[in-house]
>>> print(open('run19.txt').read())   # compact mmCIF, C-alpha atoms
# COMPACT_ATOMS: atom_id res chain seq x y z
CA MET R 1 11.59 -17.31 -54.59
CA LYS R 2 11.30 -16.66 -58.25
CA ARG R 3 11.57 -13.36 -59.97
CA LYS R 4 11.02 -12.45 -63.56
CA GLN R 5 13.51 -9.90 -64.81
CA HIS R 6 12.63 -6.68 -66.61
CA SER R 7 9.15 -6.42 -65.00
CA MET R 8 7.96 -2.91 -64.24
CA TRP R 9 6.49 -3.94 -60.86
CA ILE R 10 7.29 -6.54 -58.27
CA PHE R 11 4.28 -7.77 -56.35
CA ASN R 12 4.75 -9.76 -53.15
CA PRO R 13 1.50 -10.25 -51.21
CA THR R 14 3.39 -11.43 -48.11
CA LEU R 15 5.09 -8.08 -47.54
CA ARG R 16 3.79 -5.11 -45.64
CA HIS R 17 4.28 -2.95 -48.72
CA GLN R 18 3.31 -5.43 -51.37
CA LEU R 19 3.92 -3.47 -54.57
CA THR R 20 7.40 -2.21 -55.55
CA ASN R 21 8.30 -0.14 -58.57
CA GLN R 22 11.43 -1.64 -60.11
CA SER R 23 12.60 1.59 -61.67
CA ASN R 24 12.54 3.84 -58.60
CA GLY R 25 12.41 1.19 -55.83
CA LYS R 26 9.40 2.81 -54.18
CA SER R 27 6.95 0.47 -52.47
CA LYS R 28 3.26 0.83 -51.96
CA LYS R 29 0.87 -0.70 -49.53
CA LEU R 30 -2.38 -2.10 -50.89
CA HIS R 31 -5.70 -2.73 -49.17
CA SER R 32 -6.19 -6.39 -48.44
CA THR R 33 -9.05 -6.75 -50.96
CA ASP R 34 -7.10 -4.94 -53.69
CA CYS R 35 -4.11 -7.11 -52.90
CA LYS R 36 -6.13 -10.32 -53.26
CA ILE R 37 -7.56 -9.18 -56.58
CA LEU R 38 -4.12 -8.31 -57.94
CA GLU R 39 -2.75 -11.59 -56.65
CA LEU R 40 -5.35 -13.58 -58.57
CA LEU R 41 -4.86 -11.48 -61.70
CA CYS R 42 -1.09 -12.00 -61.50
CA GLN R 43 -1.51 -15.74 -61.10
CA TYR R 44 -3.33 -15.72 -64.43
CA GLN R 45 -1.32 -13.04 -66.24
CA GLY R 46 -2.43 -12.50 -69.80
CA LYS R 47 -5.66 -14.37 -69.16
CA THR R 48 -9.07 -13.01 -68.31
CA VAL R 49 -10.26 -13.60 -64.76
CA SER R 50 -13.99 -13.39 -64.27
CA LYS R 51 -15.55 -10.81 -62.03
CA ASN R 52 -17.12 -13.52 -59.88
CA ALA R 53 -13.76 -15.20 -59.35
CA LEU R 54 -12.22 -11.90 -58.36
CA ILE R 55 -15.12 -11.08 -56.00
CA ASN R 56 -14.90 -14.56 -54.42
CA ALA R 57 -11.17 -14.14 -53.92
CA ALA R 58 -11.43 -10.68 -52.40
CA TRP R 59 -14.65 -11.04 -50.40
CA PRO R 60 -15.04 -14.78 -49.76
CA GLY R 61 -18.48 -15.71 -48.48
CA ARG R 62 -19.77 -12.19 -48.68
CA VAL R 63 -22.34 -10.66 -50.99
CA VAL R 64 -20.91 -7.51 -52.53
CA SER R 65 -21.84 -5.50 -55.56
CA GLN R 66 -19.71 -5.27 -58.67
CA ALA R 67 -19.15 -1.62 -57.83
CA SER R 68 -16.82 -2.75 -55.05
CA LEU R 69 -14.78 -4.70 -57.56
CA THR R 70 -14.74 -1.73 -59.94
CA GLN R 71 -13.51 0.48 -57.11
CA SER R 72 -10.75 -1.96 -56.18
CA ILE R 73 -9.62 -2.17 -59.82
CA ALA R 74 -9.53 1.63 -59.88
CA HIS R 75 -7.37 1.63 -56.73
CA LEU R 76 -5.02 -0.90 -58.29
CA ARG R 77 -4.73 1.07 -61.52
CA ILE R 78 -3.83 4.22 -59.51
CA ALA R 79 -1.26 2.26 -57.51
CA LEU R 80 0.23 0.86 -60.73
CA GLY R 81 0.23 4.26 -62.48
CA ASP R 82 -2.47 3.05 -64.84
CA ASN R 83 -5.98 4.30 -65.49
CA GLY R 84 -9.26 3.09 -66.95
CA ARG R 85 -8.75 4.92 -70.20
CA GLN R 86 -5.27 3.74 -71.05
CA GLN R 87 -5.47 0.29 -69.42
CA ASN R 88 -1.74 -0.26 -69.89
CA ILE R 89 -1.49 -2.80 -67.10
CA ILE R 90 -4.97 -3.90 -66.10
CA LYS R 91 -7.37 -4.41 -68.93
CA THR R 92 -11.11 -4.55 -68.70
CA VAL R 93 -12.70 -7.41 -70.62
CA PRO R 94 -16.23 -6.17 -71.11
CA ARG R 95 -19.03 -8.29 -69.61
CA HIS R 96 -16.50 -10.83 -68.48
CA GLY R 97 -13.76 -9.65 -66.20
CA TYR R 98 -10.24 -8.29 -66.04
CA SER R 99 -6.75 -9.30 -67.04
CA VAL R 100 -3.21 -8.18 -66.32
CA VAL R 101 -0.83 -7.67 -69.19
CA SER R 102 1.88 -10.33 -69.10
CA ASP R 103 5.41 -9.63 -67.83
CA LEU R 104 4.65 -6.20 -66.41
CA ILE R 105 4.15 -7.43 -62.87
CA SER R 106 6.41 -10.00 -61.31
CA LEU R 107 4.59 -12.05 -58.68
CA GLU R 108 6.82 -13.07 -55.77
CA MET R 109 5.81 -15.35 -52.99
CA PRO R 110 7.41 -18.01 -50.82
CA VAL R 111 7.86 -21.36 -52.60
CA ALA R 112 5.89 -23.18 -49.95
CA LEU R 113 2.91 -21.01 -50.65
CA GLU R 114 3.27 -21.62 -54.34
CA GLN R 115 3.55 -25.37 -53.84
CA ASP R 116 0.51 -25.40 -51.62
CA ASN R 117 -1.23 -23.43 -54.33
CA LEU R 118 -2.57 -21.17 -51.68
CA SER R 119 -3.99 -17.91 -52.60
CA THR R 120 -1.89 -16.00 -50.16
CA SER R 121 -4.09 -13.96 -48.02
CA CYS R 122 -2.90 -10.42 -48.43
CA SER R 123 -4.53 -9.43 -45.21
CA GLU R 124 -3.22 -12.21 -42.99
CA ILE R 125 0.53 -11.90 -43.30
CA PRO R 126 1.31 -8.34 -44.19
CA GLN R 127 -1.42 -6.76 -42.14
CA ASP R 128 -2.17 -9.09 -39.26
CA THR R 129 1.42 -9.36 -38.07
CA PRO R 130 1.81 -5.65 -37.41
CA GLN R 131 -1.71 -5.70 -35.99
CA LEU R 132 -0.65 -8.37 -33.52
CA GLU R 133 2.45 -6.42 -32.66
CA HIS R 134 0.32 -3.35 -32.22
CA GLN R 135 -2.11 -5.23 -29.99
CA GLU R 136 0.80 -6.58 -27.94
CA LYS R 137 2.18 -3.08 -27.64
CA ILE R 138 -1.21 -1.81 -26.49
CA GLY R 139 -1.42 -4.69 -23.99
CA LEU R 140 2.06 -3.97 -22.66
CA SER R 141 1.35 -0.29 -22.44
CA ALA R 142 -1.88 -0.95 -20.52
CA HIS R 143 0.03 -3.26 -18.18
CA LEU R 144 2.70 -0.63 -17.64
CA GLN R 145 0.11 2.04 -16.97
CA TYR R 146 -1.64 -0.23 -14.46
CA LEU R 147 1.69 -0.94 -12.75
CA GLN R 148 2.57 2.75 -12.67
CA LYS R 149 -0.78 3.62 -11.11
CA PHE R 150 -0.36 0.85 -8.54
CA ILE R 151 3.13 2.11 -7.60
CA LEU R 152 1.76 5.64 -7.44
CA LEU R 153 -0.99 4.53 -5.07
CA ILE R 154 1.39 2.60 -2.81
CA LEU R 155 3.88 5.48 -2.67
CA SER R 156 1.10 7.98 -1.96
CA LEU R 157 -0.20 5.83 0.91
CA LEU R 158 3.31 5.38 2.28
CA LEU R 159 3.90 9.12 2.13
CA LEU R 160 0.58 9.81 3.84
CA LEU R 161 1.41 7.31 6.57
CA SER R 162 4.92 8.71 7.06
CA ILE R 163 3.70 12.31 7.22
CA THR R 164 0.96 11.31 9.68
CA TRP R 165 3.52 9.54 11.86
CA LEU R 166 5.91 12.50 11.70
CA ALA R 167 3.08 14.90 12.57
CA ARG R 168 2.16 12.64 15.52
CA ILE R 169 5.72 12.69 16.83
CA ILE R 170 5.91 16.47 16.59
CA TYR R 171 2.42 16.91 18.06
CA TYR R 172 2.89 14.59 21.05
CA ASN R 173 6.38 15.83 21.75
CA SER R 174 5.40 19.47 21.68
CA THR R 175 1.97 19.34 23.35
CA THR R 176 2.40 16.75 26.10
CA ASP R 177 3.03 18.49 29.40
CA ARG R 178 5.84 16.99 31.42
CA LEU R 179 6.12 17.19 35.17
CA GLN R 180 8.72 19.64 36.39
CA TRP R 181 11.11 18.00 38.81
CA ASN R 182 13.36 19.56 41.42
CA GLN R 183 16.61 18.09 42.60
CA ARG R 184 18.14 18.55 46.08
CA GLU R 185 21.12 16.98 47.80
CA TYR R 186 20.79 16.09 51.47
CA LEU R 187 23.30 14.06 53.47
CA GLY R 188 24.67 12.24 50.45
CA VAL R 189 21.27 11.43 48.94
CA THR R 190 19.87 13.13 45.83
CA TYR R 191 16.16 13.81 46.22
CA TYR R 192 13.96 14.30 43.15
CA PHE R 193 10.47 15.69 43.72
CA THR R 194 7.84 17.43 41.65
CA ASN R 195 8.03 21.18 41.34
CA THR R 196 4.85 21.76 43.32
CA LYS R 197 4.02 22.87 46.82
CA ASN R 198 3.19 19.25 47.74
CA GLY R 199 6.43 18.04 46.19
CA SER R 200 8.52 20.47 48.24
CA GLN R 201 6.61 19.51 51.37
CA ARG R 202 7.22 15.80 50.74
CA PHE R 203 10.94 16.49 50.34
CA LYS R 204 10.98 18.29 53.67
CA ASP R 205 8.98 15.47 55.28
CA LEU R 206 11.14 12.65 53.98
CA ARG R 207 14.66 14.06 54.26
CA ARG R 208 16.63 12.46 57.02
CA ARG R 209 19.75 10.40 57.51
CA TYR R 210 19.21 7.15 55.65
CA SER R 211 21.47 4.19 55.11
CA SER R 212 24.76 5.10 53.46
CA ASP R 213 23.81 2.78 50.56
CA LEU R 214 21.06 5.13 49.37
CA ARG R 215 21.97 7.27 46.38
CA MET R 216 18.78 8.67 44.84
CA LEU R 217 15.18 9.06 45.95
CA TYR R 218 12.30 9.91 43.61
CA ILE R 219 9.15 11.18 45.31
CA SER R 220 5.74 11.76 43.69
CA GLU R 221 2.13 11.40 44.66
CA ASN R 222 -1.50 11.53 43.66
CA PRO R 223 -4.50 11.92 46.01
CA GLU R 224 -4.61 8.17 46.60
CA GLN R 225 -0.98 7.10 46.76
CA LEU R 226 2.51 8.25 47.61
CA TYR R 227 5.14 6.86 45.24
CA ILE R 228 8.82 6.55 46.04
CA SER R 229 11.63 4.94 44.09
CA CYS R 230 15.08 4.56 45.54
CA VAL R 231 18.39 3.74 43.89
CA TYR R 232 20.95 2.29 46.25
CA GLN R 233 24.33 0.69 46.07
CA PRO R 234 25.33 -1.75 48.80
CA ASN R 235 28.78 -0.87 50.11
CA ASN R 236 30.22 -4.26 49.33
CA LEU R 237 28.90 -4.33 45.74
CA HIS R 238 29.53 -2.27 42.61
CA GLU R 239 26.10 -2.71 41.12
CA ARG R 240 23.16 -0.51 42.00
CA HIS R 241 19.67 -1.70 42.88
CA THR R 242 16.27 -0.10 42.81
CA MET R 243 13.13 -0.42 44.89
CA ASN R 244 9.73 1.03 44.00
CA PHE R 245 7.25 1.87 46.74
CA SER R 246 3.57 2.65 46.59
CA PHE R 247 2.02 3.79 49.89
CA SER R 248 -1.63 4.31 50.53
CA ARG R 249 -2.51 7.47 52.43
CA ASP R 250 -3.03 5.41 55.57
CA TYR R 251 0.70 5.30 56.10
CA SER R 252 2.33 8.00 58.16
CA ILE R 253 5.46 9.79 57.00
CA GLU R 254 7.42 8.09 59.80
CA GLN R 255 6.31 4.67 58.54
CA VAL R 256 7.30 5.63 55.01
CA LYS R 257 10.75 6.78 56.13
CA GLU R 258 11.20 3.57 58.07
CA ALA R 259 10.24 1.49 55.02
CA ILE R 260 12.74 3.38 52.84
CA ASN R 261 15.49 2.91 55.40
CA GLU R 262 14.76 -0.81 55.67
CA GLN R 263 14.40 -1.64 51.99
CA CYS R 264 16.89 0.67 50.29
CA GLN R 265 20.06 -1.00 51.52
CA MET G 1 8.76 10.75 -19.12
CA ASN G 2 5.00 11.00 -18.62
CA ASN G 3 3.27 12.73 -15.71
CA VAL G 4 2.73 9.48 -13.79
CA SER G 5 6.43 8.66 -14.00
CA LYS G 6 7.29 12.16 -12.82
CA ALA G 7 4.88 11.78 -9.90
CA ILE G 8 6.45 8.42 -8.99
CA VAL G 9 9.94 9.95 -8.97
CA TRP G 10 8.66 12.84 -6.84
CA LEU G 11 6.95 10.46 -4.40
CA VAL G 12 10.04 8.26 -4.10
CA LEU G 13 12.11 11.34 -3.23
CA ALA G 14 9.51 12.62 -0.76
CA ASN G 15 9.17 9.21 0.90
CA THR G 16 12.94 8.85 1.16
CA LEU G 17 13.19 12.26 2.79
CA ILE G 18 10.36 11.66 5.28
CA ILE G 19 11.53 8.14 6.18
CA ALA G 20 15.09 9.43 6.65
CA LEU G 21 13.72 12.17 8.90
CA LEU G 22 11.65 9.63 10.87
CA SER G 23 14.66 7.35 11.26
CA TRP G 24 16.75 10.25 12.47
CA MET G 25 14.06 11.27 14.99
CA ASN G 26 13.68 7.68 16.19
CA LYS G 27 17.42 7.50 16.72
CA LEU G 28 17.41 10.86 18.49
CA ASN G 29 14.55 9.86 20.81
CA HIS G 30 15.79 6.37 21.48
CA PRO G 31 16.93 6.18 25.13
CA PRO G 32 20.67 5.60 25.62
CA PHE G 33 19.65 3.11 28.32
CA LEU G 34 18.48 0.73 25.58
CA ASP G 35 21.37 1.37 23.18
CA GLY G 36 23.05 -1.85 22.20
CA ARG G 37 20.27 -3.88 23.80
CA ASN G 38 18.23 -5.18 20.91
CA ASN G 39 16.86 -7.98 23.01
CA THR G 40 17.30 -7.42 26.68
CA MET G 41 15.96 -8.31 30.10
CA LEU G 42 15.21 -5.67 32.72
CA PHE G 43 14.41 -6.10 36.40
CA SER G 44 12.55 -4.23 39.08
CA ARG G 45 11.41 -4.82 42.62
CA GLY G 46 8.68 -3.14 44.56
CA ARG G 47 6.44 -3.03 47.59
CA THR G 48 2.88 -1.83 47.79
CA TYR G 49 1.70 -0.74 51.22
CA THR G 50 -2.00 -0.66 51.99
CA LYS G 51 -3.81 -0.29 55.27
CA PHE G 52 -4.06 -4.04 55.79
CA GLU G 53 -1.21 -5.62 53.91
CA VAL G 54 2.15 -5.20 52.23
CA ASP G 55 2.72 -6.81 48.85
CA THR G 56 6.31 -7.43 47.85
CA PHE G 57 6.79 -8.18 44.20
CA LYS G 58 9.46 -8.52 41.56
CA GLU G 59 9.11 -7.79 37.88
CA VAL G 60 11.02 -9.08 34.87
CA ILE G 61 10.73 -7.23 31.59
CA THR G 62 11.93 -8.24 28.13
CA VAL G 63 12.31 -5.63 25.42
CA ASP G 64 12.34 -6.41 21.70
CA HIS G 65 13.11 -3.73 19.17
CA ARG G 66 10.73 -3.69 16.24
CA TRP G 67 10.78 -1.87 12.92
CA GLY G 68 10.16 1.87 12.98
CA GLY G 69 11.26 2.54 16.56
CA VAL G 70 8.52 0.46 18.20
CA HIS G 71 9.52 -1.81 21.10
CA ASP G 72 7.56 -4.86 22.16
CA ILE G 73 7.54 -5.36 25.91
CA HIS G 74 6.65 -8.44 27.89
CA SER G 75 6.49 -8.04 31.62
CA SER G 76 5.97 -10.68 34.31
CA THR G 77 5.21 -9.65 37.87
CA LEU G 78 5.42 -12.16 40.67
CA SER G 79 4.23 -11.34 44.17
CA GLU G 80 5.89 -12.88 47.19
CA GLY G 81 4.12 -16.08 48.20
CA GLU G 82 2.54 -16.48 44.77
CA ASN G 83 3.63 -18.97 42.15
CA LYS G 84 1.77 -17.59 39.17
CA ALA G 85 3.05 -14.43 37.53
CA LEU G 86 0.90 -11.66 36.11
CA ASN G 87 1.84 -11.11 32.48
CA VAL G 88 1.46 -7.92 30.51
CA TYR G 89 2.30 -7.37 26.84
CA TYR G 90 2.46 -3.91 25.30
CA SER G 91 4.23 -1.73 22.75
CA VAL G 92 6.41 1.25 23.61
CA TYR G 93 7.26 4.16 21.37
CA PHE G 94 9.61 7.01 22.27
CA TRP G 95 8.09 10.29 21.11
CA GLY G 96 10.76 12.57 22.49
CA ILE G 97 13.98 12.56 24.48
CA ASN G 98 12.01 12.22 27.74
CA LEU G 99 8.58 11.08 26.54
CA PHE G 100 7.30 7.61 25.69
CA SER G 101 3.96 5.87 25.62
CA THR G 102 2.56 2.37 25.97
CA THR G 103 -0.18 0.99 23.73
CA ASN G 104 -1.82 -2.30 22.75
CA VAL G 105 -1.78 -3.52 26.33
CA LEU G 106 -2.72 -7.17 26.79
CA ARG G 107 -2.89 -8.70 30.26
CA SER G 108 -3.02 -12.31 31.31
CA SER G 109 -6.45 -13.45 32.45
CA ASN G 110 -5.34 -13.64 36.10
CA TYR G 111 -4.37 -9.96 36.08
CA ILE G 112 -7.61 -8.36 37.23
CA PRO G 113 -8.25 -5.14 39.18
CA SER G 114 -8.62 -7.02 42.46
CA THR G 115 -5.03 -8.33 42.17
CA GLU G 116 -3.67 -4.78 42.11
CA LEU G 117 -3.44 -3.16 45.55
CA ASP G 118 -2.68 0.31 44.19
CA PHE G 119 -6.14 1.76 43.58
CA ALA G 120 -5.05 4.07 40.74
CA GLU G 121 -3.18 1.26 38.98
CA ALA G 122 -6.11 -1.11 39.52
CA HIS G 123 -8.36 1.36 37.77
CA LEU G 124 -6.09 1.32 34.70
CA ILE G 125 -6.22 -2.45 34.27
CA ASN G 126 -9.49 -2.17 32.39
CA ASP G 127 -8.36 0.91 30.50
CA SER G 128 -6.72 0.13 27.17
CA SER G 129 -5.96 3.72 26.15
CA GLU G 130 -2.47 4.97 25.45
CA GLN G 131 -0.47 5.94 28.54
CA PHE G 132 2.34 8.47 28.51
CA PHE G 133 5.44 8.42 30.66
CA GLN G 134 8.25 10.85 31.34
CA THR G 135 11.84 9.71 31.58
CA LEU G 136 13.40 11.02 34.80
CA TYR G 137 16.80 9.44 34.85
CA GLN G 138 18.80 7.01 32.80
CA ASP G 139 22.31 5.70 32.62
CA LYS G 140 23.72 2.45 31.30
CA TYR G 141 22.06 0.34 34.03
CA ILE G 142 19.21 2.34 35.55
CA PHE G 143 16.11 3.81 33.98
CA CYS G 144 13.63 5.82 36.07
CA TYR G 145 10.33 7.16 34.75
CA SER G 146 7.08 8.65 35.91
CA SER G 147 3.55 8.06 34.67
CA LEU G 148 1.97 11.28 33.46
CA LEU G 149 -1.41 9.72 34.25
CA THR G 150 -0.97 8.45 37.82
CA SER G 151 2.22 10.36 38.76
CA SER G 152 3.75 7.10 39.93
CA VAL G 153 7.53 6.66 39.70
CA GLN G 154 9.37 3.48 38.75
CA CYS G 155 13.02 2.57 38.42
CA ILE G 156 14.21 -0.50 36.57
CA THR G 157 17.68 -1.97 36.18
CA ALA G 158 19.41 -3.83 33.41
CA ASP G 159 21.50 -6.96 33.91
>>> encode(input="run19.txt", output="structure tokens")
Amino acid sequence: MKRKQHSMWIFNPTLRHQLTNQSNGKSKKLHSTDCKILELLCQYQGKTVSKNALINAAWPGRVVSQASLTQSIAHLRIALGDNGRQQNIIKTVPRHGYSVVSDLISLEMPVALEQDNLSTSCSEIPQDTPQLEHQEKIGLSAHLQYLQKFILLILSLLLLLSITWLARIIYYNSTTDRLQWNQREYLGVTYYFTNTKNGSQRFKDLRRRYSSDLRMLYISENPEQLYISCVYQPNNLHERHTMNFSFSRDYSIEQVKEAINEQCQ
Amino acid sequence: MNNVSKAIVWLVLANTLIIALLSWMNKLNHPPFLDGRNNTMLFSRGRTYTKFEVDTFKEVITVDHRWGGVHDIHSSTLSEGENKALNVYYSVYFWGINLFSTTNVLRSSNYIPSTELDFAEAHLINDSSEQFFQTLYQDKYIFCYSSLLTSSVQCITAD
């Protein structure tokens, strides 16, 4: 980097705020076109730069009127605390172009750029980098929003599913009618039968002295079948066994009792 | 924190609460008979008496606990004199302390209504709807239940 001492302004086209006032340290940001014009003027300080050269530098490949150049010069003069009447820093060379008074503006730029003799694009480095960062930020933000919405959707569905399942449990548990069962002891056997007239009748029909192995007898029925389950424990064993019976209505109560006595021991 | 983030936090809390409640209810409704038996084998024996014949059969049931309180059941029933078992696969969920249901019933191709001597049970072979059962008795080794559809009773033993 090179810097000329005692300049009023430091101009570095690679910075975000390209123009810095040496006396108060305040920096200003220039439009990219204004920056390119000032850059070219600073490269040829004390010399006149033609309007066409300035237009080509600021708007390469584009057809623009001289009014645009005049406006940019006006912007630069305002930024530099100059004006068209005084022309302390930027001078108008009538019918030819403009020039910058020598030693008032110190042009700073990386050595590599100087060596390459590149006209540093004011717009590319100082403006595009933040633009890229901004675009990346926007991209990240959009990604985050998408992710948030996705999580929101999944959690909402999960909640809906859980509430539905909970409601199902409560609904089934509270609305499903259970059979009422009675329990009676008779000669060492516990009889379980439905709390209906038929259930009580079946208990009366089936109670008798069974094998001493028999512990419990469950009795139920529908119009087609009579169902009986017995739990018994053989005297010589500790473990209990079960037997499930299904009798068609063709079987008499005596046959049923006989089957229980035979099988539940 | 934006509104979406607030909603996410709220939903996480609500989900945690509901899932905790569901877990607690599943634990409450889970039968003590199956406690400590994450993968177990149950047994039952039975006889079906019809006018013309008596069918003696034995049944072996395996129970697998699944996530969320669901149990996968595989049952094989073998009749005396037969060498090919009838297989049934279904899921069981315990809705209350004495209420459970079976769903997603799949039967082996040889299990057809004509193989079932109990007319009411034979009717249900082609019925895939959910069936509810009432627990009648249970201890560490015996579990007795009744079908709320057919009123049949069954007792099964563990080990």
>>> closest_atom_pairs(input="run19.txt", of="chain G", to="chain R", cutoff="9 Å", atoms="only C-alpha atoms", output="tab-separated table")
residue	atom	partner	partner_atom	distance
G:Val4	CA	R:Gln148	CA	6.8
G:Ser5	CA	R:Gln148	CA	7.2
G:Ala7	CA	R:Leu152	CA	7.3
G:Ile8	CA	R:Leu152	CA	5.7
G:Leu11	CA	R:Leu155	CA	6.1
G:Val12	CA	R:Leu155	CA	6.9
G:Ala14	CA	R:Leu159	CA	7.2
G:Asn15	CA	R:Leu159	CA	5.4
G:Ile18	CA	R:Ser162	CA	6.4
G:Ile19	CA	R:Ser162	CA	6.7
G:Leu21	CA	R:Leu166	CA	8.3
G:Leu22	CA	R:Leu166	CA	6.5
G:Met25	CA	R:Ile169	CA	8.7
G:Phe43	CA	R:Thr242	CA	9.0
G:Ser44	CA	R:Thr242	CA	6.7
G:Arg45	CA	R:Met243	CA	5.2
G:Gly46	CA	R:Asn244	CA	4.3
G:Arg47	CA	R:Phe245	CA	5.0
G:Thr48	CA	R:Ser246	CA	4.7
G:Tyr49	CA	R:Phe247	CA	4.7
G:Thr50	CA	R:Ser248	CA	5.2
G:Lys51	CA	R:Asp250	CA	5.8
G:Phe94	CA	R:Ile169	CA	8.8
G:Trp95	CA	R:Ile169	CA	5.4
G:Gly96	CA	R:Asn173	CA	5.5
G:Ile97	CA	R:Asn173	CA	8.7
G:Asn98	CA	R:Arg178	CA	8.6
G:Leu99	CA	R:Asn173	CA	7.1
G:Asp118	CA	R:Ser246	CA	7.1
G:Phe119	CA	R:Glu224	CA	7.2
G:Ala120	CA	R:Glu224	CA	7.2
G:Phe132	CA	R:Thr176	CA	8.6
G:Phe133	CA	R:Arg178	CA	8.6
G:Gln134	CA	R:Arg178	CA	6.6
G:Leu136	CA	R:Trp181	CA	8.4
G:Tyr141	CA	R:Arg240	CA	8.1
G:Ile142	CA	R:Arg240	CA	8.1
G:Cys144	CA	R:Ser229	CA	8.3
G:Ser146	CA	R:Ser220	CA	8.5
G:Leu148	CA	R:Arg178	CA	7.2
G:Thr150	CA	R:Asn222	CA	6.6
G:Ser151	CA	R:Glu221	CA	6.0
G:Ser152	CA	R:Tyr227	CA	5.5
G:Val153	CA	R:Tyr227	CA	6.0
G:Gln154	CA	R:Asn244	CA	5.8
G:Cys155	CA	R:Thr242	CA	6.1
G:Ile156	CA	R:Thr242	CA	6.6
G:Thr157	CA	R:His241	CA	7.0
>>> write_last_selection(input="run19.txt", atoms="C-alpha atoms", output="PDB file, keeping the file's coordinate frame")
ATOM      1  CA  VAL G   4       2.730   9.480 -13.790  1.00  0.00           C
ATOM      2  CA  SER G   5       6.430   8.660 -14.000  1.00  0.00           C
ATOM      3  CA  ALA G   7       4.880  11.780  -9.900  1.00  0.00           C
ATOM      4  CA  ILE G   8       6.450   8.420  -8.990  1.00  0.00           C
ATOM      5  CA  LEU G  11       6.950  10.460  -4.400  1.00  0.00           C
ATOM      6  CA  VAL G  12      10.040   8.260  -4.100  1.00  0.00           C
ATOM      7  CA  ALA G  14       9.510  12.620  -0.760  1.00  0.00           C
ATOM      8  CA  ASN G  15       9.170   9.210   0.900  1.00  0.00           C
ATOM      9  CA  ILE G  18      10.360  11.660   5.280  1.00  0.00           C
ATOM     10  CA  ILE G  19      11.530   8.140   6.180  1.00  0.00           C
ATOM     11  CA  LEU G  21      13.720  12.170   8.900  1.00  0.00           C
ATOM     12  CA  LEU G  22      11.650   9.630  10.870  1.00  0.00           C
ATOM     13  CA  MET G  25      14.060  11.270  14.990  1.00  0.00           C
ATOM     14  CA  PHE G  43      14.410  -6.100  36.400  1.00  0.00           C
ATOM     15  CA  SER G  44      12.550  -4.230  39.080  1.00  0.00           C
ATOM     16  CA  ARG G  45      11.410  -4.820  42.620  1.00  0.00           C
ATOM     17  CA  GLY G  46       8.680  -3.140  44.560  1.00  0.00           C
ATOM     18  CA  ARG G  47       6.440  -3.030  47.590  1.00  0.00           C
ATOM     19  CA  THR G  48       2.880  -1.830  47.790  1.00  0.00           C
ATOM     20  CA  TYR G  49       1.700  -0.740  51.220  1.00  0.00           C
ATOM     21  CA  THR G  50      -2.000  -0.660  51.990  1.00  0.00           C
ATOM     22  CA  LYS G  51      -3.810  -0.290  55.270  1.00  0.00           C
ATOM     23  CA  PHE G  94       9.610   7.010  22.270  1.00  0.00           C
ATOM     24  CA  TRP G  95       8.090  10.290  21.110  1.00  0.00           C
ATOM     25  CA  GLY G  96      10.760  12.570  22.490  1.00  0.00           C
ATOM     26  CA  ILE G  97      13.980  12.560  24.480  1.00  0.00           C
ATOM     27  CA  ASN G  98      12.010  12.220  27.740  1.00  0.00           C
ATOM     28  CA  LEU G  99       8.580  11.080  26.540  1.00  0.00           C
ATOM     29  CA  ASP G 118      -2.680   0.310  44.190  1.00  0.00           C
ATOM     30  CA  PHE G 119      -6.140   1.760  43.580  1.00  0.00           C
ATOM     31  CA  ALA G 120      -5.050   4.070  40.740  1.00  0.00           C
ATOM     32  CA  PHE G 132       2.340   8.470  28.510  1.00  0.00           C
ATOM     33  CA  PHE G 133       5.440   8.420  30.660  1.00  0.00           C
ATOM     34  CA  GLN G 134       8.250  10.850  31.340  1.00  0.00           C
ATOM     35  CA  LEU G 136      13.400  11.020  34.800  1.00  0.00           C
ATOM     36  CA  TYR G 141      22.060   0.340  34.030  1.00  0.00           C
ATOM     37  CA  ILE G 142      19.210   2.340  35.550  1.00  0.00           C
ATOM     38  CA  CYS G 144      13.630   5.820  36.070  1.00  0.00           C
ATOM     39  CA  SER G 146       7.080   8.650  35.910  1.00  0.00           C
ATOM     40  CA  LEU G 148       1.970  11.280  33.460  1.00  0.00           C
ATOM     41  CA  THR G 150      -0.970   8.450  37.820  1.00  0.00           C
ATOM     42  CA  SER G 151       2.220  10.360  38.760  1.00  0.00           C
ATOM     43  CA  SER G 152       3.750   7.100  39.930  1.00  0.00           C
ATOM     44  CA  VAL G 153       7.530   6.660  39.700  1.00  0.00           C
ATOM     45  CA  GLN G 154       9.370   3.480  38.750  1.00  0.00           C
ATOM     46  CA  CYS G 155      13.020   2.570  38.420  1.00  0.00           C
ATOM     47  CA  ILE G 156      14.210  -0.500  36.570  1.00  0.00           C
ATOM     48  CA  THR G 157      17.680  -1.970  36.180  1.00  0.00           C
TER      49      THR G 157
END
>>> atom_distance(input="run19.txt", atom1="CA of Asp139 (chain G)", atom2="CA of His74 (chain G)")
21.6 Å
>>> atom_distance(input="run19.txt", atom1="CA of His238 (chain R)", atom2="CA of Tyr137 (chain G)")
19.0 Å
>>> atom_distance(input="run19.txt", atom1="CA of Leu19 (chain R)", atom2="CA of Gly61 (chain R)")
26.2 Å
>>> residues_around(input="run19.txt", residues="Val105 (chain G)", least_positions_apart="6", cutoff="8 Å", atoms="only C-alpha atoms", output="list in words")
Val88, Tyr89, Tyr90, Ser91 and Ser128 of chain G
>>> residues_near_point(input="run19.txt", point="(-4.3, -3.2, 32.6)", cutoff="12 Å", atoms="all atoms listed in the file", output="ChimeraX atom specification")
/G:75,86-90,102-116,120-131
